[in-house]
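Report on the following structure.
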Amino acid sequence: MRNYEAEKAKAAAAGQSVKSYRAGYVPPAAAKTELVAGPNGMPPLRLVPSSNGLDLALPDGELIDYKILALRHFQIFAFRVVGMGFHEDPNEPFKFRNGQRVQAIREPDNEHDGNAVAIHAGRPVKKIGYVNKQRAAWVAKLLDAGQELDGIIIQSKAVSPRVLLTTPEMMAYLQRD
């Protein structure tokens, strides 16, 4: 317990949660100063393999927490898929892998959320869940404006996969060699 309290104190001093601190993410204030568009209009990021699955990394290899709100300025949204229990067949559970493609499909007539965006994956393609409410408004606005979005699973180990959605151009840029 004492070790956890010490770790909690270090995380708090860095302005992070213990989970972010443990994952080795750059503190939010430092990340925000690094997330500046270069001459090509792109952020200094790329997707890299990590112990978590796939993470966003700066040129020096430091990892950026997917929760950093500054990512939305580059139309990069990462979130855990929610509502999977309503769509998963207990006899055929979903199987995901890091890098697997997903589709974001707008559901403007959804009775629970006017900003609902469903996430579809697999072969055959089927609904696996939704973008969470915190990100759905931003994603819905882009889709409603006709913006195409590409998506991939970046963390498949958990019960609910973490997905990254962005423009096709940004996805190609983040996945560059």
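Labels used: A, B, ... for chains in the order of the structure tokens, numbers from 1 for residues in each chain, and numbers from 1 for ligands as shown.
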Test item: residues at most 8 Å from A:Ser156, only C-alpha atoms, excluding those fewer than 5 positions along its chain, as a count of residues only: 6
Residues of chain A in strand (DSSP E or B), written as a ChimeraX atom specification: /A:25,46-50,53-57,63-64,77-80,82,89,92,101-106,117-121,126-130,150-155,162-166
Take the residues just selected and output them with C-alpha atoms as a CSV table (one decimal), in the first residue's frame.
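Once written, selection.csv looks like this:
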```csv
chain,number,residue,atom,x,y,z
A,25,TYR,CA,2.8,8.8,-20.9
A,46,ARG,CA,3.2,8.4,-35.2
A,47,LEU,CA,1.5,5.2,-34.1
A,48,VAL,CA,4.0,2.8,-32.6
A,49,PRO,CA,3.7,-0.7,-30.9
A,50,SER,CA,3.8,-0.5,-27.1
A,53,GLY,CA,-1.0,-2.2,-28.1
A,54,LEU,CA,-0.5,0.8,-30.3
A,55,ASP,CA,0.3,4.2,-28.9
A,56,LEU,CA,0.9,7.7,-30.2
A,57,ALA,CA,4.6,8.7,-29.9
A,63,LEU,CA,4.2,8.3,-25.6
A,64,ILE,CA,1.2,10.7,-25.7
A,77,PHE,CA,-10.1,10.7,-31.4
A,78,ALA,CA,-9.3,7.7,-29.2
A,79,PHE,CA,-11.7,6.0,-26.9
A,80,ARG,CA,-13.0,2.7,-25.5
A,82,VAL,CA,-19.0,1.4,-25.1
A,89,ASP,CA,-23.3,-12.8,-29.2
A,92,GLU,CA,-19.5,-16.0,-30.7
A,101,ARG,CA,-9.9,-1.6,-39.2
A,102,VAL,CA,-13.2,-0.3,-37.9
A,103,GLN,CA,-15.9,1.9,-39.4
A,104,ALA,CA,-17.7,4.8,-37.7
A,105,ILE,CA,-21.3,5.0,-38.8
A,106,ARG,CA,-23.5,7.9,-37.8
A,117,VAL,CA,-21.8,7.0,-33.7
A,118,ALA,CA,-21.7,3.3,-34.0
A,119,ILE,CA,-18.5,1.3,-34.4
A,120,HIS,CA,-18.5,-1.6,-36.8
A,121,ALA,CA,-15.8,-4.2,-37.3
A,126,LYS,CA,-21.2,-6.0,-37.6
A,127,LYS,CA,-21.9,-3.4,-34.9
A,128,ILE,CA,-19.7,-3.8,-31.9
A,129,GLY,CA,-20.7,-0.7,-29.9
A,130,TYR,CA,-20.5,3.1,-29.9
A,150,ASP,CA,-10.8,5.9,-40.8
A,151,GLY,CA,-10.5,3.9,-37.6
A,152,ILE,CA,-8.3,1.1,-36.1
A,153,ILE,CA,-8.2,-0.8,-32.9
A,154,ILE,CA,-5.2,0.4,-30.9
A,155,GLN,CA,-5.7,-1.6,-27.7
A,162,ARG,CA,-9.8,1.2,-27.6
A,163,VAL,CA,-10.3,2.7,-31.1
A,164,LEU,CA,-8.6,5.6,-32.8
A,165,LEU,CA,-10.6,7.5,-35.4
A,166,THR,CA,-9.2,10.2,-37.7
```
Separation of atom CA of A:Lys141 from atom CA of A:Glu107 in Å: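 It comes out at 11.8 Å.
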Members of chain A assigned helix (DSSP H, G or I) by DSSP, as a PyMOL selection string: chain A and resi 2-13+18-23+28-34+69-74+84-86+133-144+168-174
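Atom pair atom CA of A:Glu34 / atom CA of A:Gly61 has a distance of 12.4 Å (rounded to one decimal).
Closest to A:Pro168 among A:Gly83, A:Pro44, A:Gln147, A:Ala37 is A:Gln147, based on only C-alpha atoms.
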Atomic distance atom CA of A:Gly146 - atom CA of A:Gly114, expressed in Å with one decimal: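 Between atom CA of A:Gly146 and atom CA of A:Gly114 the gap is 16.8 Å.
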